[in-house]
Every structure is written in structure tokens, then in C-alpha cells.
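Report on the structure given below.
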Amino acid sequence: MNIIERKVNDVTVLDLEGDLALDENARFRKHVSGAIDAGTRKLIVNLAGVKYVDSSGLGELISCYTALQQLNGHVKLLHINNRVQYLLEITKLDSVFETFDSEPAAVSSFATWTGRIEDVAH
């Protein structure tokens, strides 16, 4: 898996390319941990280049979400494919993760976000 990290204003965007699966999860986890340690609290995971997500990959997204929530941060998903959308729906995680088809919309969704629990859409 390739991961490119970039900043858009005060939002960190991780562009993923490859599979978010068991044999690639350590790289994703390490990258997310590094971003959080560097102060990231607003994170967008761009899945446009991800063709396959298995259950362990979904678990990594949940871990990312939980880690940021504990620090009053938030993660949003960008450009999810039909398979990931289906996984989110059957696991009821579509009520946890905000998803976007447009990067500007995802970035601007943080504009009024203060990190308070009432700012999180469920």
C-alpha cells in the first residue's frame, strides 16, 4: 500500500493506493499513529485508490476513528467504492463514518467542527 499524506488547510488527507487488508494494515496503522502524534485531529482517509478492504482493514479504520475520538479528533472517509459502502452498511458503521464523494466537501465539513461530541453526525 502506498500512502501519501498532505495538508489542506488544517485538515490532514491520507491518499491510499492498494488494498486495505491484513498484510498491509501495519503500514496504515503506523502512518495514522504518526499523523496523530504530530497533532492531526482532522483526518480524511481518501480511499479512491483502494480496490479491496477486508475485515481487518475495516478494523483499522475503526481503530483510527477511536484513536482520534479519544483526542477529540475526527476522521472522515472520501471516495469509497461500492464494496466499502456495502461493508459499512452491513456492519452499521455507515452511522459512524461520514463519507464524501468530493474532497472540497469533506474538507469544508470540518469548518464548523469544534471537536465536541455534538458535532459528530450519527
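Residue names in the C-alpha cells use chain letters A, B, ... in the order shown, residue numbers from 1 in each chain, and ligand numbers from 1 in the order shown.
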Kindly provide the residues of range 13-43 of chain A that approach range 1-5 of chain A to within 7 Å, each paired with its closest atom pair and their distance in Å to one decimal, based on only C-alpha atoms, listed by chain and increasing number, as JSON lines.
```
{"residue": "A:Val13", "atom": "CA", "partner": "A:Glu5", "partner_atom": "CA", "distance": 5.8}
{"residue": "A:Leu14", "atom": "CA", "partner": "A:Glu5", "partner_atom": "CA", "distance": 4.7}
{"residue": "A:Asp15", "atom": "CA", "partner": "A:Ile4", "partner_atom": "CA", "distance": 5.1}
{"residue": "A:Leu16", "atom": "CA", "partner": "A:Ile3", "partner_atom": "CA", "distance": 4.8}
{"residue": "A:Glu17", "atom": "CA", "partner": "A:Asn2", "partner_atom": "CA", "distance": 5.1}
{"residue": "A:Gly18", "atom": "CA", "partner": "A:Met1", "partner_atom": "CA", "distance": 4.6}
{"residue": "A:Asp19", "atom": "CA", "partner": "A:Met1", "partner_atom": "CA", "distance": 6.2}
{"residue": "A:Glu24", "atom": "CA", "partner": "A:Met1", "partner_atom": "CA", "distance": 6.2}
```
If DSSP is run on the backbone, what residues of range 2-119 of chain A are strand (DSSP E or B)? A reply as a PDB file with C-alpha atoms, in the first residue's frame would be ideal.
```pdb
ATOM      1  CA  ASN A   2       1.173   3.494  -0.838  1.00  0.00           C
ATOM      2  CA  ILE A   3       0.154   6.351   1.433  1.00  0.00           C
ATOM      3  CA  ILE A   4       0.588   9.995   0.553  1.00  0.00           C
ATOM      4  CA  GLU A   5      -0.031  12.479   3.344  1.00  0.00           C
ATOM      5  CA  ARG A   6      -0.893  16.051   2.539  1.00  0.00           C
ATOM      6  CA  LYS A   7      -2.459  19.052   4.243  1.00  0.00           C
ATOM      7  CA  VAL A   8      -5.453  21.037   3.077  1.00  0.00           C
ATOM      8  CA  VAL A  11      -7.001  19.002   7.630  1.00  0.00           C
ATOM      9  CA  THR A  12      -4.690  16.037   7.001  1.00  0.00           C
ATOM     10  CA  VAL A  13      -5.576  13.951   3.944  1.00  0.00           C
ATOM     11  CA  LEU A  14      -4.222  10.433   3.533  1.00  0.00           C
ATOM     12  CA  ASP A  15      -4.396   9.247  -0.067  1.00  0.00           C
ATOM     13  CA  LEU A  16      -4.302   5.450  -0.036  1.00  0.00           C
ATOM     14  CA  GLU A  17      -3.415   3.269  -3.001  1.00  0.00           C
ATOM     15  CA  GLY A  18      -3.568  -0.504  -2.828  1.00  0.00           C
ATOM     16  CA  ASP A  19      -5.516  -2.854  -0.590  1.00  0.00           C
ATOM     17  CA  LEU A  20      -6.509  -2.134   2.982  1.00  0.00           C
ATOM     18  CA  LYS A  42      -8.921  16.397  11.489  1.00  0.00           C
ATOM     19  CA  LEU A  43      -8.285  13.477   9.163  1.00  0.00           C
ATOM     20  CA  ILE A  44      -9.655  12.467   5.791  1.00  0.00           C
ATOM     21  CA  VAL A  45      -8.868   8.980   4.505  1.00  0.00           C
ATOM     22  CA  ASN A  46      -9.107   9.059   0.717  1.00  0.00           C
ATOM     23  CA  LEU A  47      -9.952   5.561  -0.500  1.00  0.00           C
ATOM     24  CA  ALA A  48     -10.085   6.435  -4.219  1.00  0.00           C
ATOM     25  CA  GLY A  49      -7.073   4.211  -4.913  1.00  0.00           C
ATOM     26  CA  VAL A  50      -8.249   1.326  -2.728  1.00  0.00           C
ATOM     27  CA  LYS A  51      -9.836  -1.562  -4.570  1.00  0.00           C
ATOM     28  CA  TYR A  52     -10.216  -4.008  -1.688  1.00  0.00           C
ATOM     29  CA  VAL A  53     -10.907  -3.712   2.039  1.00  0.00           C
ATOM     30  CA  HIS A  74     -12.431  13.064  13.846  1.00  0.00           C
ATOM     31  CA  VAL A  75     -11.906  11.002  10.703  1.00  0.00           C
ATOM     32  CA  LYS A  76     -13.972  11.122   7.528  1.00  0.00           C
ATOM     33  CA  LEU A  77     -13.848   8.836   4.506  1.00  0.00           C
ATOM     34  CA  LEU A  78     -13.521  10.064   0.938  1.00  0.00           C
ATOM     35  CA  GLU A  98     -19.112  10.357   7.448  1.00  0.00           C
ATOM     36  CA  THR A  99     -18.406   9.674   3.778  1.00  0.00           C
ATOM     37  CA  PHE A 100     -17.896  12.108   0.939  1.00  0.00           C
TER      38      PHE A 100
END
```
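Interatomic distance, CA of Arg83 in chain A against CA of Gln69 in chain A: 25.2 Å.
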Check: DSSP on the backbone: what in range 14-95 of chain A comes out helix (DSSP H, G or I), as a ChimeraX atom specification?
Finding: /A:22-37,55-70,82-90,93-95
Margin query: Which residues are close to Ile36 in chain A, i.e. within 9 Å by only C-alpha atoms, leaving aside same-chain residues fewer than 5 positions away? Reply as a VMD selection string.
Written below: chain A and resid 31 41 67 to 68 71
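Note that CA of Ser55 in chain A and CA of Leu22 in chain A are 8.2 Å apart.
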Notebook entry, point to check: Can you tell me how far CA of Asp10 in chain A sits from CA of Ile62 in chain A, in Å to one decimal?
Noted result: 22.1 Å
